[in-house]
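Asks: Dropping in final-v6.txt, which is compact mmCIF, C-alpha atoms:
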# COMPACT_ATOMS: atom_id res chain seq x y z
CA MET F 247 -11.91 33.10 8.96
CA GLY F 248 -11.55 29.89 6.95
CA MET F 249 -13.37 26.72 7.86
CA LYS F 250 -11.84 24.37 10.42
CA MET F 251 -11.54 20.58 10.47
CA GLN F 252 -9.89 17.76 12.45
CA ALA F 253 -6.69 16.25 11.10
CA VAL F 254 -3.82 14.02 12.19
CA VAL F 255 -0.60 16.04 12.45
CA ILE F 256 2.93 15.57 13.76
CA ALA F 257 4.96 18.63 14.81
CA GLU F 258 8.07 16.54 15.54
CA TYR F 259 9.38 13.05 14.78
CA GLY F 260 9.14 10.25 17.29
CA SER F 261 6.90 7.52 18.70
CA ASN F 262 3.10 7.59 18.72
CA ASP F 263 3.27 10.29 21.44
CA VAL F 264 3.93 12.91 18.73
CA VAL F 265 0.78 12.00 16.79
CA GLU F 266 -1.90 14.67 17.40
CA PHE F 267 -5.55 14.68 16.37
CA THR F 268 -6.12 18.39 16.18
CA GLU F 269 -8.03 21.28 14.61
CA VAL F 270 -6.55 22.84 11.47
CA ASP F 271 -7.74 25.03 8.61
CA ARG F 272 -9.69 23.22 5.93
CA PRO F 273 -7.62 23.27 2.71
CA GLU F 274 -8.85 24.87 -0.51
CA PRO F 275 -8.39 23.18 -3.89
CA GLN F 276 -5.99 24.97 -6.22
CA ALA F 277 -5.90 24.63 -10.00
CA GLY F 278 -5.96 20.98 -11.02
CA GLU F 279 -7.08 19.82 -7.57
CA VAL F 280 -10.31 18.76 -5.92
CA LEU F 281 -11.35 19.02 -2.30
CA VAL F 282 -12.57 15.67 -1.04
CA LYS F 283 -14.68 14.98 2.05
CA VAL F 284 -12.81 11.96 3.36
CA LEU F 285 -14.90 8.83 4.03
CA ALA F 286 -12.06 6.38 4.75
CA ALA F 287 -8.25 6.39 4.70
CA GLY F 288 -5.89 3.45 4.45
CA VAL F 289 -3.04 3.00 6.94
CA ASN F 290 0.35 1.96 5.54
CA PRO F 291 3.83 1.28 6.95
CA VAL F 292 5.01 4.52 5.33
CA ASP F 293 2.79 6.43 7.80
CA TRP F 294 4.68 5.31 10.92
CA LYS F 295 7.98 5.42 9.05
CA ILE F 296 7.34 9.11 8.30
CA ARG F 297 6.44 9.63 11.97
CA ASN F 298 9.69 7.90 13.00
CA GLY F 299 11.75 10.36 10.93
CA ALA F 300 11.62 9.14 7.34
CA GLY F 301 9.69 12.31 6.49
CA GLN F 302 12.99 14.14 6.62
CA ARG F 303 14.57 11.83 4.01
CA MET F 304 11.42 12.16 1.90
CA GLY F 305 11.84 15.94 1.74
CA MET F 306 8.84 16.75 3.94
CA THR F 307 8.80 19.68 6.33
CA LEU F 308 7.25 19.66 9.80
CA PRO F 309 4.46 19.94 10.75
CA ILE F 310 3.34 16.99 8.60
CA HIS F 311 -0.27 16.01 7.98
CA LEU F 312 -0.25 12.21 7.89
CA GLY F 313 -2.06 9.87 5.51
CA GLY F 314 -1.29 8.80 1.95
CA GLU F 315 -4.47 7.28 0.49
CA LEU F 316 -8.16 8.02 0.76
CA VAL F 317 -11.67 7.43 -0.45
CA GLY F 318 -14.01 10.41 -0.40
CA ALA F 319 -16.81 12.42 -1.91
CA ILE F 320 -15.92 15.41 -4.07
CA GLU F 321 -16.85 18.57 -2.17
CA LYS F 322 -15.36 21.26 -4.40
CA ILE F 323 -13.58 21.30 -7.75
CA GLY F 324 -10.60 23.53 -8.50
CA SER F 325 -10.12 25.36 -11.78
CA GLY F 326 -9.06 23.41 -14.84
CA VAL F 327 -10.46 20.08 -13.65
CA ASP F 328 -12.65 18.13 -16.09
CA GLY F 329 -14.38 14.79 -15.88
CA PHE F 330 -15.45 14.91 -12.23
CA SER F 331 -18.56 16.25 -10.57
CA GLU F 332 -19.40 17.23 -7.01
CA GLY F 333 -20.66 14.41 -4.81
CA GLU F 334 -18.90 11.63 -6.77
CA THR F 335 -16.97 9.06 -4.74
CA VAL F 336 -13.32 8.94 -5.80
CA PHE F 337 -10.13 7.41 -4.48
CA GLY F 338 -6.41 7.75 -4.86
CA MET F 339 -3.07 8.57 -3.31
CA VAL F 340 -2.09 11.89 -1.77
CA HIS F 341 1.35 13.16 -0.79
CA THR F 342 0.10 13.94 2.73
CA GLY F 343 -3.12 14.74 4.56
CA ALA F 344 -5.47 11.76 4.06
CA PHE F 345 -6.03 11.34 7.82
CA ALA F 346 -8.42 14.28 8.02
CA HIS F 347 -12.04 15.24 7.47
CA TYR F 348 -11.12 16.92 4.17
CA ALA F 349 -8.14 16.65 1.85
CA VAL F 350 -7.07 18.12 -1.45
CA VAL F 351 -6.14 15.66 -4.18
CA LYS F 352 -4.56 16.24 -7.58
CA ALA F 353 -7.35 15.40 -10.01
CA GLY F 354 -4.89 13.46 -12.17
CA ASN F 355 -4.05 11.12 -9.27
CA MET F 356 -7.53 9.82 -8.63
CA VAL F 357 -10.34 7.89 -10.27
CA ARG F 358 -13.90 6.95 -9.38
CA ALA F 359 -13.97 4.35 -6.62
CA PRO F 360 -15.00 0.83 -7.73
CA ALA F 361 -18.74 0.19 -7.94
CA GLY F 362 -20.00 -2.23 -5.30
CA LEU F 363 -17.31 -1.54 -2.67
CA ASP F 364 -18.01 0.46 0.46
CA PRO F 365 -15.53 3.28 1.23
CA VAL F 366 -13.69 1.23 3.89
CA GLU F 367 -13.06 -1.65 1.46
CA ALA F 368 -12.07 0.74 -1.31
CA ALA F 369 -9.55 2.43 1.03
CA ALA F 370 -7.52 -0.79 1.06
CA LEU F 371 -6.66 -0.30 -2.61
CA PRO F 372 -5.01 2.95 -3.74
CA LEU F 373 -1.54 2.95 -2.16
CA ALA F 374 -1.12 -0.77 -1.45
CA GLY F 375 -2.61 -1.69 -4.81
CA THR F 376 -0.52 0.81 -6.74
CA THR F 377 2.60 -0.45 -4.92
CA ALA F 378 1.90 -4.08 -5.83
CA TRP F 379 0.77 -3.34 -9.40
CA GLN F 380 3.72 -1.15 -10.37
CA ALA F 381 6.25 -3.55 -8.82
CA LEU F 382 4.81 -6.66 -10.48
CA PHE F 383 3.85 -5.37 -13.90
CA ASP F 384 5.71 -2.10 -14.58
CA VAL F 385 9.06 -3.05 -13.02
CA ALA F 386 9.21 -6.88 -13.02
CA ASP F 387 7.08 -7.24 -16.19
CA LEU F 388 5.35 -10.32 -14.75
CA LYS F 389 3.71 -12.47 -17.43
CA ALA F 390 1.15 -15.28 -17.52
CA GLY F 391 2.78 -18.63 -16.74
CA GLN F 392 5.71 -17.18 -14.82
CA ARG F 393 6.54 -18.43 -11.35
CA LEU F 394 6.31 -15.67 -8.73
CA LEU F 395 7.36 -15.67 -5.08
CA ILE F 396 5.83 -13.09 -2.71
CA THR F 397 7.83 -12.78 0.52
CA ASN F 398 4.96 -11.55 2.72
CA SER F 399 1.56 -12.41 1.34
CA SER F 400 -0.73 -11.54 4.22
CA GLY F 401 -0.32 -7.76 4.53
CA GLY F 402 -2.04 -4.93 2.65
CA VAL F 403 0.37 -5.07 -0.31
CA GLY F 404 1.00 -8.82 -0.38
CA SER F 405 -2.65 -9.84 -0.22
CA LEU F 406 -3.37 -7.72 -3.30
CA ALA F 407 -0.20 -8.88 -5.07
CA VAL F 408 -1.32 -12.52 -4.82
CA GLN F 409 -4.65 -11.65 -6.45
CA PHE F 410 -3.18 -9.39 -9.16
CA ALA F 411 -0.64 -12.06 -10.14
CA LYS F 412 -3.30 -14.77 -10.30
CA ALA F 413 -5.57 -12.53 -12.37
CA ARG F 414 -2.69 -12.17 -14.84
CA GLY F 415 -2.15 -15.95 -14.99
CA ALA F 416 1.07 -16.24 -12.98
CA HIS F 417 1.88 -19.19 -10.69
CA VAL F 418 2.12 -17.85 -7.13
CA THR F 419 4.22 -19.18 -4.27
CA ALA F 420 3.29 -17.28 -1.13
CA VAL F 421 5.34 -17.06 2.05
CA GLY F 422 3.57 -16.36 5.33
CA SER F 423 3.11 -17.60 8.86
CA ALA F 424 1.07 -20.74 9.57
CA ARG F 425 -1.74 -18.79 11.23
CA ASN F 426 -2.38 -16.99 7.93
CA GLU F 427 -2.27 -20.07 5.69
CA ASP F 428 -6.05 -20.35 5.14
CA PHE F 429 -6.30 -16.64 4.39
CA ILE F 430 -3.41 -16.69 1.91
CA ARG F 431 -4.71 -19.81 0.15
CA SER F 432 -8.16 -18.17 -0.09
CA LEU F 433 -6.53 -15.34 -2.07
CA GLY F 434 -5.56 -17.89 -4.73
CA ALA F 435 -1.94 -18.76 -3.91
CA ASP F 436 -0.83 -21.99 -5.64
CA ILE F 437 1.78 -22.92 -3.05
CA PHE F 438 1.97 -21.76 0.55
CA VAL F 439 5.25 -21.86 2.50
CA ASP F 440 5.28 -21.34 6.28
CA TYR F 441 8.43 -19.36 7.04
CA THR F 442 8.11 -20.14 10.77
CA SER F 443 8.68 -23.88 10.28
CA GLN F 444 11.68 -23.75 7.92
CA PRO F 445 13.84 -21.29 5.98
CA PHE F 446 11.70 -20.52 2.91
CA GLU F 447 14.75 -20.52 0.62
CA ALA F 448 15.40 -24.17 1.55
CA VAL F 449 12.17 -25.27 -0.13
CA ILE F 450 11.60 -22.71 -2.91
CA SER F 451 13.66 -22.57 -6.10
CA ASP F 452 13.47 -21.81 -9.79
CA MET F 453 11.35 -18.66 -9.44
CA ASP F 454 11.12 -16.30 -12.42
CA VAL F 455 10.21 -13.29 -10.26
CA VAL F 456 10.44 -12.48 -6.55
CA PHE F 457 8.38 -9.63 -5.08
CA ASP F 458 9.98 -8.54 -1.80
CA THR F 459 7.93 -6.49 0.64
CA MET F 460 10.05 -7.33 3.70
CA GLY F 461 13.62 -6.12 3.08
CA GLY F 462 16.41 -6.94 5.52
CA GLU F 463 17.61 -10.52 5.75
CA THR F 464 14.46 -11.81 3.99
CA PHE F 465 15.47 -9.79 0.92
CA GLY F 466 18.99 -11.24 1.05
CA ARG F 467 17.80 -14.84 1.40
CA ALA F 468 15.19 -14.54 -1.35
CA PHE F 469 17.91 -14.34 -4.04
CA LYS F 470 18.51 -18.08 -3.52
CA THR F 471 14.98 -18.86 -4.75
CA LEU F 472 15.45 -17.32 -8.22
CA ARG F 473 16.42 -19.19 -11.34
CA LYS F 474 19.49 -17.93 -13.21
CA GLY F 475 18.40 -14.82 -15.09
CA GLY F 476 15.43 -14.32 -12.75
CA PHE F 477 14.21 -10.94 -11.51
CA MET F 478 13.79 -9.57 -8.01
CA VAL F 479 11.69 -6.48 -7.38
CA THR F 480 11.67 -4.90 -3.91
CA VAL F 481 9.62 -2.06 -2.49
CA VAL F 482 11.61 -1.77 0.74
CA ALA F 483 15.27 -2.65 0.25
CA PHE F 484 17.88 -0.48 -1.48
CA PRO F 485 19.84 -3.04 -3.51
CA ASP F 486 23.44 -2.23 -4.45
CA GLY F 487 23.56 -4.79 -7.28
CA SER F 488 26.29 -6.98 -5.82
CA GLU F 489 23.72 -9.51 -4.56
CA ALA F 490 22.20 -9.87 -8.01
CA GLU F 491 25.59 -10.28 -9.64
CA ARG F 492 26.52 -13.11 -7.25
CA PHE F 493 23.37 -15.07 -8.13
CA GLY F 494 23.23 -14.22 -11.85
CA VAL F 495 19.90 -12.40 -11.57
CA SER F 496 18.56 -8.86 -11.81
CA VAL F 497 17.22 -6.71 -8.99
CA LYS F 498 15.40 -3.40 -9.02
CA ARG F 499 13.72 -1.17 -6.48
CA SER F 500 10.17 -0.11 -7.36
CA PHE F 501 9.19 3.41 -6.31
CA THR F 502 5.43 3.80 -6.04
CA VAL F 503 4.05 6.83 -7.87
CA PRO F 504 0.43 8.03 -7.93
CA SER F 505 -1.16 6.98 -11.20
CA ALA F 506 -4.75 7.19 -12.40
CA GLN F 507 -3.83 4.64 -15.07
CA THR F 508 -2.72 2.09 -12.46
CA LEU F 509 -5.85 2.73 -10.39
CA THR F 510 -8.04 2.25 -13.46
CA SER F 511 -6.44 -1.17 -14.10
CA ILE F 512 -7.08 -2.16 -10.48
CA VAL F 513 -10.70 -0.95 -10.57
CA GLU F 514 -11.29 -3.09 -13.69
CA LEU F 515 -10.15 -6.24 -11.87
CA VAL F 516 -12.20 -5.39 -8.78
CA GLU F 517 -15.34 -4.73 -10.82
CA ALA F 518 -14.75 -7.97 -12.76
CA GLY F 519 -14.77 -9.85 -9.44
CA LYS F 520 -11.13 -10.95 -9.73
CA VAL F 521 -9.76 -8.92 -6.82
CA THR F 522 -11.24 -8.39 -3.36
CA PRO F 523 -9.61 -6.06 -0.84
CA HIS F 524 -9.36 -7.58 2.64
CA VAL F 525 -9.72 -5.26 5.60
CA HIS F 526 -8.23 -6.51 8.87
CA LYS F 527 -9.44 -3.75 11.17
CA VAL F 528 -11.44 -0.55 10.96
CA LEU F 529 -10.82 2.20 13.51
CA PRO F 530 -12.26 5.71 13.81
CA LEU F 531 -9.95 8.54 12.75
CA ALA F 532 -9.50 9.64 16.37
CA GLU F 533 -7.89 6.25 17.16
CA VAL F 534 -5.09 6.78 14.65
CA ARG F 535 -2.41 5.95 17.25
CA GLN F 536 -3.84 2.47 17.72
CA ALA F 537 -3.97 2.01 13.95
CA LEU F 538 -0.31 3.00 13.56
CA ALA F 539 0.73 0.69 16.42
CA LEU F 540 -1.12 -2.22 14.80
CA SER F 541 0.55 -1.53 11.44
CA GLU F 542 3.95 -1.32 13.11
CA SER F 543 3.39 -4.69 14.85
CA GLY F 544 3.28 -6.37 11.43
CA ARG F 545 0.42 -8.61 12.58
CA ALA F 546 -2.38 -7.32 10.37
CA ARG F 547 -4.00 -9.78 7.97
CA GLY F 548 -4.95 -7.50 5.12
CA LYS F 549 -5.47 -3.80 5.56
CA ILE F 550 -5.98 -1.36 8.44
CA VAL F 551 -8.43 1.41 7.57
CA LEU F 552 -9.51 4.58 9.36
CA SER F 553 -13.19 5.36 8.99
CA VAL F 554 -13.88 9.09 8.84
CA SER F 555 -17.15 10.76 9.77
CA ASP F 556 -17.93 14.22 11.09
What is this structure when it is put down as structure tokens?
Replies:
Amino acid sequence: MGMKMQAVVIAEYGSNDVVEFTEVDRPEPQAGEVLVKVLAAGVNPVDWKIRNGAGQRMGMTLPIHLGGELVGAIEKIGSGVDGFSEGETVFGMVHTGAFAHYAVVKAGNMVRAPAGLDPVEAAALPLAGTTAWQALFDVADLKAGQRLLITNSSGGVGSLAVQFAKARGAHVTAVGSARNEDFIRSLGADIFVDYTSQPFEAVISDMDVVFDTMGGETFGRAFKTLRKGGFMVTVVAFPDGSEAERFGVSVKRSFTVPSAQTLTSIVELVEAGKVTPHVHKVLPLAEVRQALALSESGRARGKIVLSVSD
């Protein structure tokens, strides 16, 4: 008999009712993988989107073990893995299975967690940070001195995007709701626009880059804020190009991919004191349904994290 552990699993798609906290077999690391004892796992919109049925479009097969990013201590190292030792605290993205007591991670997708952060704080970084970093720098090629608009600056991705962009010397205009103004300004935003008091596109113009984390009508309206020849990067919408053509700009979808290189860049900024993850709420793993509901409400200021202990 293999060893057992608790994990968050869905056997069908649907509302939070399908989310089970249940006993499963503990995974074993294969070649190129490590087994990690999970200390904390970040909650992201993709988690409830998978639960709602997006898992099917993403090529997943039921049952699905939920959770896409984790911080943990290395328990066991698979063959062919160099540069890590047992007991080290690492973090990174996983395809599935972070909401569990143990998870296997591809060694090439993780790095040592930043010094000076506790596991819960560090869990705010891998997926949200990689999403923001790749969109801003790999896809939009954001440079020092450029004017950037972030369409939702208070969530897990947006709150990191503000800090990354400032660390790189960009000028940041941040859209959010009035109740989050102090928080967003504390992240370093140069200009704050309250979308609840006026249409943001009525007061923002001449942007070099827009980073869209909202999609829908926000994505469509954000084109009006770009200068001619400007660049929109989205992590949620699926642009068809006609919008960009109409406004004389470019648009591209950024697809987040696990990357030790991206994580290393983020760790450097964190350890240099230029980026601080902000955790909105910490819940125990067993309360995963509450965590998913909070994420789905869109009201979190910063990141929702599940704390994992035996």
Asks: Would you mind telling me which residue in F:Ile512, F:Ala539, F:Val456, F:Ala424 lies nearest to Phe410 in chain F when using all atoms listed in the file?
Replies: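 When distances to Phe410 in chain F are compared using all atoms listed in the file, the smallest one comes from F:Ile512.
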Asks: Write out as a PyMOL selection string the residues lying within 10 Å of Glu533 in chain F, counting all atoms listed in the file and excluding same-chain residues fewer than 4 positions away.
Replies: chain F and resi 267+528-529+537-538+552-553
Asks: Give me the residues near range 483-494 of chain F as a list in words, where near means some atom within 10 Å (using only C-alpha atoms) and where sequence neighbours in that chain fewer than 2 positions away do not count.
Replies: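 What passes the distance filter is Asp458, Thr459, Met460, Gly461, Gly462, Glu463, Thr464, Phe465, Gly466, Arg467, Phe469, Lys470, Thr471, Leu472, Arg473, Lys474, Gly475, Gly476, Phe477, Met478, Val479, Thr480, Val481, Ser496, Val497, Lys498, Arg499 and Ser500 of chain F.
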Asks: List the spatial neighbours of Phe438 in chain F as a PyMOL selection string - criterion: any atom at most 8 Å away, all atoms listed in the file, same-chain residues fewer than 3 positions off excluded.
Replies: chain F and resi 419-422+427+430-431+435
Asks: So which one's closest to Val439 in chain F, F:Ala416, F:Thr397, F:Val255, F:Gln392? Using all atoms listed in the file, please.
Replies: F:Thr397
Asks: Taking all atoms listed in the file into account, which of F:Ala300, F:Glu269, F:Gly318, F:Val254 comes nearest Leu281 in chain F?
Replies: F:Gly318
Asks: Rank F:Val516, F:Ala287, F:Ala346, F:Ala448 by their smallest atom-to-atom distance to Ala413 in chain F, using only C-alpha atoms, and report the top residue only.
Replies: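 Ranking F:Val516, F:Ala287, F:Ala346, F:Ala448 by distance to Ala413 in chain F, first place goes to F:Val516.
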Asks: Rank nothing, just name the residue among F:Pro273, F:Gly404, F:Gly391, F:Gly434 nearest to Asp454 in chain F, using only C-alpha atoms.
Replies: F:Gly391
Asks: I'd like the contact shell of Lys250 in chain F - 7 Å cut-off, all atoms listed in the file, skipping same-chain residues fewer than 5 positions apart - returned as a list in words.
Replies: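 After dropping sequence-adjacent residues, the list is Glu269, Val270, Asp271 and Arg272 of chain F.
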